[in-house]
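Participant: Pasting a structure here, questions to come.
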2 protein chains.
Amino acid sequence: MNDKEVLAAYKARLEAYLDALPMAGAPDRLREAMRYSLLNGGKRLRGCLLLAACELAGGNTEEALPFAAALEMIHAYSLIHDDLPAMDNDTLRRGKPTNHVVFGEAMAILAGDGLLTHAFEVMAAANHPRALRALGEIAKAAGVGGMLAGQTLDVTMEGTEPTMDLVNTIHRGKTAALLTAPITAGLILGGASDTEIEAGREYGYHLGMAFQIVDDLLDLEGDPALMGKTLGKDQAEGKLTWPACVGVDQARKDAEAHIRAAAGALAPFGKKAEFLQTLAFSTLHRVQ
Amino acid sequence: MNDKEVLAAYKARLEAYLDALPMAGAPDRLREAMRYSLLNGGKRLRGCLLLAACELAGGNTEEALPFAAALEMIHAYSLIHDDLPAMDNDTLRRGKPTNHVVFGEAMAILAGDGLLTHAFEVMAAANHPRALRALGEIAKAAGVGGMLAGQTLDVTMEGTEPTMDLVNTIHRGKTAALLTAPITAGLILGGASDTEIEAGREYGYHLGMAFQIVDDLLDLEGDPALMGKTLGKDQAEGKLTWPACVGVDQARKDAEAHIRAAAGALAPFGKKAEFLQTLAFSTLHRVQ
């Protein structure tokens with residue numbers, strides 16, 4: 001299989017696992033709201049990274065599936081709560097109405113809470129010998145010093161002057177934390193050494209930073225004809241983006257530097273790391 | 001020490017632990033919002049039950065503190081999200097403005113998410129040999145087949161005819177699940193046998209059901225002069241309560257029967273169980 005086929009195979013297994021989650025005891029309406037956002041055709045980047053990292057360490061990816069699924073549940077919960085009227089107040093995601101538009105605000109809050117809690121329920125039930133450590137990595141990344149720190153600063157600092165330090169901190173929390181955890185947790189599950197896990201942490205950090213800078217650039221350049229308008233809108237909302245700090249050209253260079261650093265971090269793994277290195281470079285050229 | 005002193009000592013140690021939680025990396029505003037609801041003078045019933053159950057099984061309560069704290073964090077998160085405008089829209093709790101009134105809706109959502117996630121972060125870091133199983137019990141109780149099932153039915157079934165089956169299901173989820181988990185998790189941490197853990201599960205279930213029935217009764221009888229009016233208000237809101245199903249007198253009898261069943265469930269533990277048995281009976285006579 002080539003890299004694309006490997007990725008497609010990871011994704012297909014993960015989709016099947018997510019779709020088959022029993023969510024035992026969940027009332028119909030809650031299950032419906034959770035599945036609406038969980039099974040929404042996402043790229044499954046976080047889950048696939050975890051499976052790839054587990055395989056890189058020589059682990060059994062079948063046993064890692066509950067953890068890959070947990071990351072996707074945490075990602076889905078964060079999007080549901082982010083879209084709420086009190087937060088970003090978004091009504092569309094991937095061309096479909098957001099959770100609270102379809103199910104109402106109360107159910108959207110509960111569906112987010114449900115996905116977050118279920119992530120931990122599924123990991124705890126996995127009964128993997130290194131489950132607790134992997135779960136701890138994921139909890140920390142999703143937690144108050146990780147993703148939620150980024151979200152909080154995103155909300156509270158809106159409208160302040162974008163400094164490189166502040167934007168770095170927000171990106172590290174909002175995006176890099178939940179792209180690093182799949183790597184470290186996957187390596188832990190696969191039985192990697194502490195040195196290897198720290199190399200993976202560096203890869204995840206740089207991948208995450210590049211990923212968010214590219215996101216910022218896509219917001220600006222998604223439709224070149226509207227670029228000026230979009231730029232104006234971002235500025236009006238006081239969005240803290242990397243291009244707003246350093247300009248578009250430098251932002252593109254910085255994204256590339258992060259990707260080179262990500263690929264370099266995995267050098268200790270030798271040729272085995274090529275899959276994750278190629279995947280990192282591909283984030284520079286994604287269109288959505 | 002007599003029972004009251006034992007309970008006060010558990011509570012004091014738990015308060016100190018919660019107050020000292022570093023919440024590493026949390027932005028100031030997020031930490032402030034989390035601490036506002038976490039350190040609010042609650043009874044700490046769930047955390048104290050966990051310590052008592054751990055001690056009943058002969059375990060080290062010091063090692064169980066992170067799990068007792070986790071339960072209090074989960075309880076606090078559930079109250080913050082419950083009070084949100086889209087949910088129960090409450091502006092006062094224990095005589096203080098609710099979280100979203102003080103910090104705004106966005107921060108209240110994030111503070112709830114933060115407390116829930118931090119509960120798992122703290123448990124995973126505890127590194128107790130039976131941590132994963134105890135964490136799994138707590139995740140399940142807080143999850144879509146436990147507390148969140150109760151919350152969902154509470155929201156979606158409001159205004160429907162209160163049947164005993166439905167009210168039982170709501171009470172089991174909303175209240176009994178998070179009063180059972182401290183017992184089973186505490187026993188697991190203390191090294192209890194599977195038979196003992198199941199006896200504890202029965203105790204927790206009956207304690208939880210009694211606790212919620214007494215809550216329903218207090219709502220009706222908190223101020224006898226206003227009883228008719230309060231009854232009318234509950235009915236107008238379509239609240240599904242046990243007294244609404246079976247009447248006040250029968251509800252009081254049912255609460256007593258649940259407490260007797262709770263005490264009976266711990267018979268296999270002999271005299272050692274007296275503390276938890278007495279504690280169960282005291283819930284019948286609580287005033288708040």
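Chain identifiers are assigned as A, B, and so on, following the order in which chains appear in the structure tokens; residues are numbered from 1 within each chain, and ligands are numbered from 1 in order of appearance.
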Taking only C-alpha atoms into account, find every residue of chain B that has an atom no more than 7 Å from chain A, and write it out as a PDB file with N, CA, C and O atoms, in the first residue's frame.

Facilitator:
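Below is the file that was written, part13.pdb:
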```pdb
ATOM      1  N   MET B  23      -3.978  23.198  38.775  1.00  0.00           N
ATOM      2  CA  MET B  23      -4.596  23.489  37.455  1.00  0.00           C
ATOM      3  C   MET B  23      -3.552  24.089  36.529  1.00  0.00           C
ATOM      4  O   MET B  23      -3.757  25.166  35.922  1.00  0.00           O
ATOM      5  N   ALA B  24      -2.447  23.369  36.390  1.00  0.00           N
ATOM      6  CA  ALA B  24      -1.273  23.890  35.674  1.00  0.00           C
ATOM      7  C   ALA B  24      -1.598  24.350  34.262  1.00  0.00           C
ATOM      8  O   ALA B  24      -2.225  23.638  33.492  1.00  0.00           O
ATOM      9  N   GLY B  25      -1.160  25.556  33.950  1.00  0.00           N
ATOM     10  CA  GLY B  25      -1.299  26.071  32.590  1.00  0.00           C
ATOM     11  C   GLY B  25      -2.619  26.769  32.317  1.00  0.00           C
ATOM     12  O   GLY B  25      -2.804  27.340  31.240  1.00  0.00           O
ATOM     13  N   ALA B  26      -3.540  26.736  33.289  1.00  0.00           N
ATOM     14  CA  ALA B  26      -4.846  27.369  33.059  1.00  0.00           C
ATOM     15  C   ALA B  26      -4.701  28.891  33.055  1.00  0.00           C
ATOM     16  O   ALA B  26      -4.090  29.453  33.963  1.00  0.00           O
ATOM     17  N   PRO B  27      -5.265  29.562  32.052  1.00  0.00           N
ATOM     18  CA  PRO B  27      -5.282  31.026  32.072  1.00  0.00           C
ATOM     19  C   PRO B  27      -6.033  31.507  33.324  1.00  0.00           C
ATOM     20  O   PRO B  27      -6.956  30.830  33.796  1.00  0.00           O
ATOM     21  N   LEU B  30      -9.901  31.469  33.441  1.00  0.00           N
ATOM     22  CA  LEU B  30     -10.474  30.123  33.459  1.00  0.00           C
ATOM     23  C   LEU B  30     -10.339  29.512  34.848  1.00  0.00           C
ATOM     24  O   LEU B  30     -11.296  28.946  35.397  1.00  0.00           O
ATOM     25  N   ALA B  86     -29.554  28.201  28.622  1.00  0.00           N
ATOM     26  CA  ALA B  86     -30.185  27.237  27.714  1.00  0.00           C
ATOM     27  C   ALA B  86     -30.683  26.000  28.450  1.00  0.00           C
ATOM     28  O   ALA B  86     -31.498  25.235  27.910  1.00  0.00           O
ATOM     29  N   MET B  87     -30.207  25.808  29.694  1.00  0.00           N
ATOM     30  CA  MET B  87     -30.654  24.647  30.477  1.00  0.00           C
ATOM     31  C   MET B  87     -31.690  25.125  31.505  1.00  0.00           C
ATOM     32  O   MET B  87     -32.752  25.568  31.120  1.00  0.00           O
ATOM     33  N   GLU B 105     -21.553  33.598  29.817  1.00  0.00           N
ATOM     34  CA  GLU B 105     -21.913  32.255  29.359  1.00  0.00           C
ATOM     35  C   GLU B 105     -20.732  31.505  28.771  1.00  0.00           C
ATOM     36  O   GLU B 105     -20.551  30.310  29.019  1.00  0.00           O
ATOM     37  N   ALA B 106     -19.917  32.193  27.954  1.00  0.00           N
ATOM     38  CA  ALA B 106     -18.805  31.510  27.287  1.00  0.00           C
ATOM     39  C   ALA B 106     -17.838  30.932  28.325  1.00  0.00           C
ATOM     40  O   ALA B 106     -17.444  29.762  28.253  1.00  0.00           O
ATOM     41  N   GLY B 114     -13.704  22.530  31.580  1.00  0.00           N
ATOM     42  CA  GLY B 114     -12.410  22.455  32.253  1.00  0.00           C
ATOM     43  C   GLY B 114     -12.455  21.558  33.480  1.00  0.00           C
ATOM     44  O   GLY B 114     -11.551  20.744  33.693  1.00  0.00           O
ATOM     45  N   THR B 117     -12.797  17.852  32.340  1.00  0.00           N
ATOM     46  CA  THR B 117     -11.541  17.322  31.797  1.00  0.00           C
ATOM     47  C   THR B 117     -10.488  17.187  32.887  1.00  0.00           C
ATOM     48  O   THR B 117      -9.729  16.210  32.921  1.00  0.00           O
ATOM     49  N   HIS B 118     -10.451  18.181  33.787  1.00  0.00           N
ATOM     50  CA  HIS B 118      -9.440  18.146  34.843  1.00  0.00           C
ATOM     51  C   HIS B 118      -9.652  16.964  35.793  1.00  0.00           C
ATOM     52  O   HIS B 118      -8.680  16.417  36.331  1.00  0.00           O
ATOM     53  N   PHE B 120     -10.442  14.019  34.982  1.00  0.00           N
ATOM     54  CA  PHE B 120      -9.756  12.859  34.400  1.00  0.00           C
ATOM     55  C   PHE B 120      -8.244  13.046  34.400  1.00  0.00           C
ATOM     56  O   PHE B 120      -7.492  12.086  34.581  1.00  0.00           O
ATOM     57  N   GLU B 121      -7.796  14.273  34.207  1.00  0.00           N
ATOM     58  CA  GLU B 121      -6.359  14.555  34.242  1.00  0.00           C
ATOM     59  C   GLU B 121      -5.799  14.211  35.628  1.00  0.00           C
ATOM     60  O   GLU B 121      -4.743  13.574  35.747  1.00  0.00           O
ATOM     61  N   ALA B 124      -5.821  10.382  36.216  1.00  0.00           N
ATOM     62  CA  ALA B 124      -4.800   9.692  35.429  1.00  0.00           C
ATOM     63  C   ALA B 124      -3.410   9.915  36.025  1.00  0.00           C
ATOM     64  O   ALA B 124      -2.550   9.048  35.950  1.00  0.00           O
ATOM     65  N   ALA B 125      -3.206  11.081  36.629  1.00  0.00           N
ATOM     66  CA  ALA B 125      -1.896  11.398  37.206  1.00  0.00           C
ATOM     67  C   ALA B 125      -1.697  10.733  38.561  1.00  0.00           C
ATOM     68  O   ALA B 125      -0.590  10.734  39.098  1.00  0.00           O
ATOM     69  N   LEU B 132      -7.213   2.873  36.773  1.00  0.00           N
ATOM     70  CA  LEU B 132      -7.965   2.800  35.517  1.00  0.00           C
ATOM     71  C   LEU B 132      -9.375   2.262  35.751  1.00  0.00           C
ATOM     72  O   LEU B 132     -10.345   2.778  35.196  1.00  0.00           O
ATOM     73  N   ARG B 133      -9.493   1.251  36.605  1.00  0.00           N
ATOM     74  CA  ARG B 133     -10.823   0.685  36.868  1.00  0.00           C
ATOM     75  C   ARG B 133     -11.705   1.682  37.624  1.00  0.00           C
ATOM     76  O   ARG B 133     -12.884   1.842  37.317  1.00  0.00           O
ATOM     77  N   LEU B 135     -11.368   4.957  37.613  1.00  0.00           N
ATOM     78  CA  LEU B 135     -11.669   6.024  36.652  1.00  0.00           C
ATOM     79  C   LEU B 135     -12.796   5.590  35.707  1.00  0.00           C
ATOM     80  O   LEU B 135     -13.700   6.388  35.388  1.00  0.00           O
ATOM     81  N   GLY B 136     -12.767   4.339  35.300  1.00  0.00           N
ATOM     82  CA  GLY B 136     -13.811   3.825  34.408  1.00  0.00           C
ATOM     83  C   GLY B 136     -15.179   3.852  35.064  1.00  0.00           C
ATOM     84  O   GLY B 136     -16.184   4.197  34.426  1.00  0.00           O
ATOM     85  N   ALA B 139     -16.241   7.516  35.026  1.00  0.00           N
ATOM     86  CA  ALA B 139     -16.588   7.973  33.671  1.00  0.00           C
ATOM     87  C   ALA B 139     -17.966   7.452  33.272  1.00  0.00           C
ATOM     88  O   ALA B 139     -18.787   8.182  32.718  1.00  0.00           O
ATOM     89  N   LYS B 140     -18.216   6.194  33.578  1.00  0.00           N
ATOM     90  CA  LYS B 140     -19.495   5.578  33.217  1.00  0.00           C
ATOM     91  C   LYS B 140     -20.647   6.248  33.971  1.00  0.00           C
ATOM     92  O   LYS B 140     -21.703   6.527  33.401  1.00  0.00           O
ATOM     93  N   GLY B 143     -21.403   9.526  32.559  1.00  0.00           N
ATOM     94  CA  GLY B 143     -21.545   9.462  31.104  1.00  0.00           C
ATOM     95  C   GLY B 143     -22.958   9.340  30.571  1.00  0.00           C
ATOM     96  O   GLY B 143     -23.941   9.571  31.283  1.00  0.00           O
ATOM     97  N   VAL B 144     -23.026   8.962  29.296  1.00  0.00           N
ATOM     98  CA  VAL B 144     -24.289   9.007  28.554  1.00  0.00           C
ATOM     99  C   VAL B 144     -25.302   7.964  29.033  1.00  0.00           C
ATOM    100  O   VAL B 144     -26.489   8.088  28.755  1.00  0.00           O
ATOM    101  N   GLY B 145     -24.852   6.944  29.745  1.00  0.00           N
ATOM    102  CA  GLY B 145     -25.782   5.975  30.328  1.00  0.00           C
ATOM    103  C   GLY B 145     -26.003   6.258  31.800  1.00  0.00           C
ATOM    104  O   GLY B 145     -26.723   5.518  32.477  1.00  0.00           O
ATOM    105  N   LEU B 148     -25.643  11.908  32.437  1.00  0.00           N
ATOM    106  CA  LEU B 148     -26.092  12.647  31.247  1.00  0.00           C
ATOM    107  C   LEU B 148     -27.389  12.069  30.675  1.00  0.00           C
ATOM    108  O   LEU B 148     -28.146  12.796  30.019  1.00  0.00           O
ATOM    109  N   ALA B 149     -27.656  10.790  30.927  1.00  0.00           N
ATOM    110  CA  ALA B 149     -28.951  10.227  30.525  1.00  0.00           C
ATOM    111  C   ALA B 149     -30.050  10.892  31.354  1.00  0.00           C
ATOM    112  O   ALA B 149     -31.087  11.300  30.825  1.00  0.00           O
ATOM    113  N   THR B 152     -30.553  14.493  30.198  1.00  0.00           N
ATOM    114  CA  THR B 152     -31.237  14.553  28.898  1.00  0.00           C
ATOM    115  C   THR B 152     -32.731  14.332  29.057  1.00  0.00           C
ATOM    116  O   THR B 152     -33.547  15.077  28.508  1.00  0.00           O
TER     117      THR B 152
END
```

Participant: List the neighbours of segment 164-168 of chain A out to 9 Å using only C-alpha atoms; skip same-chain residues closer than 2 positions along the sequence, and give me the result as a list in words.

Facilitator: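 Here the qualifying residues turn out to be Leu153, Met157, Pro162, Ile170, His171, Arg172, Gly173, Met209, Leu240, Thr241, Trp242, Cys245 and Val246 of chain A.
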
Participant: Segment 63-212 of chain A: which residues are strand (DSSP E) by DSSP, as a list in words?

Facilitator: Leu92, Arg93, Lys96 and Pro97 of chain A

Participant: Those residues with C-alpha atoms, as a short mmCIF file (atom, residue, chain, number, x, y, z; two decimals), in the first residue's frame please?

Facilitator:
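See part.cif below for the written result:
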```cif
data_model
loop_
_atom_site.label_atom_id
_atom_site.label_comp_id
_atom_site.auth_asym_id
_atom_site.auth_seq_id
_atom_site.Cartn_x
_atom_site.Cartn_y
_atom_site.Cartn_z
CA LEU A 92 -22.78 26.07 9.58
CA ARG A 93 -19.95 23.54 9.75
CA LYS A 96 -24.28 21.43 7.43
CA PRO A 97 -26.21 23.22 10.20
#
```

Participant: Using only C-alpha atoms, which residues sit within 12 Å of Leu179 of chain A once same-chain residues fewer than 3 positions away are excluded, as a PyMOL selection string?

Facilitator: chain A and resi 44-50+53+68+71-72+74-75+137-138+141-142+146-147+171-176+182-186+200-212+262+280

Participant: At a cut-off of 7 Å, using only C-alpha atoms, what residues contact segment 272-274 of chain B? Leave out same-chain residues fewer than 4 positions from it and give the result as a compact mmCIF listing (two decimals) with C-alpha atoms, in the first residue's frame.

Facilitator:
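And here's around_16.txt as it stands now:
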```txt
# COMPACT_ATOMS: atom_id res chain seq x y z
CA LEU B 56 -14.18 0.43 54.49
CA LEU B 266 -23.72 -3.34 53.40
CA THR B 278 -25.56 5.92 59.70
```

Participant: Just list as a ChimeraX atom specification whatever in segment 24-168 of chain A DSSP marks as helix (DSSP H, G or I).

Facilitator: /A:28-38,45-56,61-83,99-103,105-126,131-142,147-156,164-168

Participant: I need the residues from that last selection saved to file as an mmCIF file, in the first residue's frame (with C-alpha atoms), if you can.

Facilitator:
```
data_model
loop_
_atom_site.group_PDB
_atom_site.id
_atom_site.type_symbol
_atom_site.label_atom_id
_atom_site.label_comp_id
_atom_site.auth_asym_id
_atom_site.auth_seq_id
_atom_site.Cartn_x
_atom_site.Cartn_y
_atom_site.Cartn_z
ATOM 1 C CA ASP A 28 -32.158 8.305 21.764
ATOM 2 C CA ARG A 29 -32.108 12.092 21.439
ATOM 3 C CA LEU A 30 -28.678 12.368 23.096
ATOM 4 C CA ARG A 31 -27.216 9.564 20.965
ATOM 5 C CA GLU A 32 -28.648 11.200 17.842
ATOM 6 C CA ALA A 33 -27.108 14.582 18.688
ATOM 7 C CA MET A 34 -23.728 13.006 19.508
ATOM 8 C CA ARG A 35 -23.658 10.941 16.306
ATOM 9 C CA TYR A 36 -24.703 13.933 14.201
ATOM 10 C CA SER A 37 -21.465 15.718 15.033
ATOM 11 C CA LEU A 38 -19.234 12.669 15.454
ATOM 12 C CA LEU A 45 -6.491 13.481 11.198
ATOM 13 C CA ARG A 46 -6.145 13.117 14.990
ATOM 14 C CA GLY A 47 -7.270 9.506 15.070
ATOM 15 C CA CYS A 48 -5.146 8.540 12.064
ATOM 16 C CA LEU A 49 -2.068 10.201 13.611
ATOM 17 C CA LEU A 50 -2.541 8.091 16.726
ATOM 18 C CA LEU A 51 -2.768 4.859 14.735
ATOM 19 C CA ALA A 52 0.297 5.825 12.681
ATOM 20 C CA ALA A 53 2.307 6.676 15.810
ATOM 21 C CA CYS A 54 1.310 3.392 17.442
ATOM 22 C CA GLU A 55 2.432 1.520 14.328
ATOM 23 C CA LEU A 56 5.668 3.531 14.204
ATOM 24 C CA THR A 61 -3.233 -0.588 15.984
ATOM 25 C CA GLU A 62 -6.343 -2.641 16.738
ATOM 26 C CA GLU A 63 -5.780 -2.100 20.466
ATOM 27 C CA ALA A 64 -5.192 1.597 19.822
ATOM 28 C CA LEU A 65 -8.549 2.162 18.087
ATOM 29 C CA PRO A 66 -10.429 3.174 21.289
ATOM 30 C CA PHE A 67 -7.859 5.925 21.859
ATOM 31 C CA ALA A 68 -8.038 7.126 18.255
ATOM 32 C CA ALA A 69 -11.826 7.201 18.619
ATOM 33 C CA ALA A 70 -11.529 9.108 21.910
ATOM 34 C CA LEU A 71 -9.515 11.840 20.189
ATOM 35 C CA GLU A 72 -12.167 12.191 17.511
ATOM 36 C CA MET A 73 -14.864 12.406 20.209
ATOM 37 C CA ILE A 74 -12.927 15.129 22.011
ATOM 38 C CA HIS A 75 -12.415 16.997 18.732
ATOM 39 C CA ALA A 76 -16.143 16.738 17.936
ATOM 40 C CA TYR A 77 -17.156 17.948 21.433
ATOM 41 C CA SER A 78 -14.849 20.957 21.151
ATOM 42 C CA LEU A 79 -16.421 21.965 17.823
ATOM 43 C CA ILE A 80 -19.996 21.624 19.175
ATOM 44 C CA HIS A 81 -19.266 23.828 22.200
ATOM 45 C CA ASP A 82 -17.228 26.271 20.061
ATOM 46 C CA ASP A 83 -20.139 26.773 17.691
ATOM 47 C CA ASN A 99 -25.449 20.910 16.355
ATOM 48 C CA HIS A 100 -27.372 23.541 18.304
ATOM 49 C CA VAL A 101 -29.215 24.674 15.172
ATOM 50 C CA VAL A 102 -30.527 21.136 14.673
ATOM 51 C CA PHE A 103 -30.978 19.926 18.267
ATOM 52 C CA GLU A 105 -28.759 24.690 22.643
ATOM 53 C CA ALA A 106 -29.502 22.468 25.647
ATOM 54 C CA MET A 107 -28.992 19.257 23.673
ATOM 55 C CA ALA A 108 -25.838 20.656 22.030
ATOM 56 C CA ILE A 109 -24.321 21.377 25.449
ATOM 57 C CA LEU A 110 -25.254 17.862 26.607
ATOM 58 C CA ALA A 111 -24.000 16.249 23.372
ATOM 59 C CA GLY A 112 -20.626 17.956 23.830
ATOM 60 C CA ASP A 113 -20.456 16.902 27.472
ATOM 61 C CA GLY A 114 -21.472 13.401 26.387
ATOM 62 C CA LEU A 115 -18.745 13.078 23.756
ATOM 63 C CA LEU A 116 -16.070 14.349 26.147
ATOM 64 C CA THR A 117 -17.126 11.979 28.922
ATOM 65 C CA HIS A 118 -17.567 9.063 26.527
ATOM 66 C CA ALA A 119 -14.006 9.511 25.261
ATOM 67 C CA PHE A 120 -12.744 8.698 28.757
ATOM 68 C CA GLU A 121 -15.263 5.910 29.255
ATOM 69 C CA VAL A 122 -14.090 4.213 26.052
ATOM 70 C CA MET A 123 -10.380 4.608 26.899
ATOM 71 C CA ALA A 124 -10.864 3.278 30.436
ATOM 72 C CA ALA A 125 -12.704 0.232 29.074
ATOM 73 C CA ALA A 126 -9.906 -0.505 26.596
ATOM 74 C CA ALA A 131 -3.956 2.850 28.899
ATOM 75 C CA LEU A 132 -3.654 5.094 31.950
ATOM 76 C CA ARG A 133 -0.554 6.898 30.688
ATOM 77 C CA ALA A 134 -1.997 7.371 27.200
ATOM 78 C CA LEU A 135 -5.292 8.583 28.695
ATOM 79 C CA GLY A 136 -3.347 11.024 30.858
ATOM 80 C CA GLU A 137 -1.603 12.501 27.806
ATOM 81 C CA ILE A 138 -4.946 12.999 26.090
ATOM 82 C CA ALA A 139 -6.629 14.481 29.196
ATOM 83 C CA LYS A 140 -3.789 16.950 29.633
ATOM 84 C CA ALA A 141 -3.860 17.992 25.972
ATOM 85 C CA ALA A 142 -7.622 18.547 26.082
ATOM 86 C CA MET A 147 -6.889 23.013 24.334
ATOM 87 C CA LEU A 148 -9.068 24.820 26.891
ATOM 88 C CA ALA A 149 -6.297 27.336 27.569
ATOM 89 C CA GLY A 150 -6.270 28.144 23.861
ATOM 90 C CA GLN A 151 -10.062 28.443 23.734
ATOM 91 C CA THR A 152 -10.125 30.682 26.781
ATOM 92 C CA LEU A 153 -7.515 33.066 25.394
ATOM 93 C CA ASP A 154 -9.296 33.018 22.038
ATOM 94 C CA VAL A 155 -12.480 34.189 23.801
ATOM 95 C CA THR A 156 -11.005 36.598 26.347
ATOM 96 C CA MET A 164 3.588 36.784 18.318
ATOM 97 C CA ASP A 165 3.800 35.489 21.901
ATOM 98 C CA LEU A 166 0.053 35.586 22.440
ATOM 99 C CA VAL A 167 -0.842 34.066 19.065
ATOM 100 C CA ASN A 168 1.773 31.356 19.605
#
```

Participant: Quick one, how far is atom CA of Ile197 of chain B from atom CA of Ala257 of chain B?

Facilitator: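 That distance, rounded to one decimal, is 21.5 Å.
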
Participant: For a test of reading the model, state the distance in Å between atom CA of Thr195 of chain A and atom CA of Phe281 of chain A, rounded to one decimal.

Facilitator: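 Rounded to one decimal, the two atoms are 23.3 Å apart.
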
Participant: Figure out the distance between atom CA of Lys253 of chain B and atom CA of Leu276 of chain B, please, to one decimal in Å.

Facilitator: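 These atoms are spaced 20.6 Å apart.
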
Participant: May I have the residues within 9 Å of Pro243 of chain A as a CSV table (one decimal) with N, CA, C and O atoms, in the first residue's frame, using only C-alpha atoms and disregarding those fewer than 2 positions away in the same chain?

Facilitator:
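Output (around.csv):
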```csv
chain,number,residue,atom,x,y,z
A,213,ILE,N,-1.3,27.7,11.2
A,213,ILE,CA,-0.9,28.9,10.4
A,213,ILE,C,-1.5,28.7,9.0
A,213,ILE,O,-2.1,29.6,8.4
A,216,ASP,N,-5.1,29.7,9.1
A,216,ASP,CA,-5.2,31.1,9.1
A,216,ASP,C,-5.1,31.7,7.7
A,216,ASP,O,-5.8,32.6,7.2
A,217,LEU,N,-4.1,31.1,6.9
A,217,LEU,CA,-3.8,31.5,5.6
A,217,LEU,C,-5.0,31.1,4.7
A,217,LEU,O,-5.4,31.9,3.8
A,220,LEU,N,-7.7,33.5,4.8
A,220,LEU,CA,-7.5,34.7,4.0
A,220,LEU,C,-7.6,34.5,2.5
A,220,LEU,O,-8.0,35.4,1.8
A,240,LEU,N,-7.1,36.8,16.4
A,240,LEU,CA,-5.6,36.7,16.6
A,240,LEU,C,-5.1,35.7,15.7
A,240,LEU,O,-5.1,34.5,16.0
A,241,THR,N,-4.6,36.0,14.5
A,241,THR,CA,-4.0,35.1,13.6
A,241,THR,C,-2.5,35.3,13.4
A,241,THR,O,-2.0,36.4,13.6
A,245,CYS,N,0.0,38.9,12.5
A,245,CYS,CA,1.2,39.3,13.3
A,245,CYS,C,2.4,39.6,12.3
A,245,CYS,O,3.1,40.6,12.5
A,246,VAL,N,2.6,38.7,11.4
A,246,VAL,CA,3.9,38.7,10.6
A,246,VAL,C,3.7,38.9,9.1
A,246,VAL,O,4.6,39.0,8.4
A,247,GLY,N,2.4,39.0,8.7
A,247,GLY,CA,2.2,39.1,7.2
A,247,GLY,C,2.0,37.8,6.6
A,247,GLY,O,2.5,36.7,7.1
A,248,VAL,N,1.4,37.8,5.4
A,248,VAL,CA,1.1,36.5,4.7
A,248,VAL,C,2.4,35.8,4.2
A,248,VAL,O,2.5,34.6,4.4
A,249,ASP,N,3.3,36.5,3.7
A,249,ASP,CA,4.5,35.9,3.1
A,249,ASP,C,5.4,35.2,4.2
A,249,ASP,O,5.8,34.0,4.1
A,250,GLN,N,5.6,35.9,5.3
A,250,GLN,CA,6.3,35.4,6.4
A,250,GLN,C,5.6,34.2,7.1
A,250,GLN,O,6.2,33.2,7.5
A,251,ALA,N,4.3,34.3,7.1
A,251,ALA,CA,3.5,33.2,7.7
A,251,ALA,C,3.7,31.9,6.9
A,251,ALA,O,3.8,30.8,7.5
A,252,ARG,N,3.7,32.1,5.6
A,252,ARG,CA,3.9,30.9,4.7
A,252,ARG,C,5.2,30.3,5.0
A,252,ARG,O,5.4,29.1,5.1
```
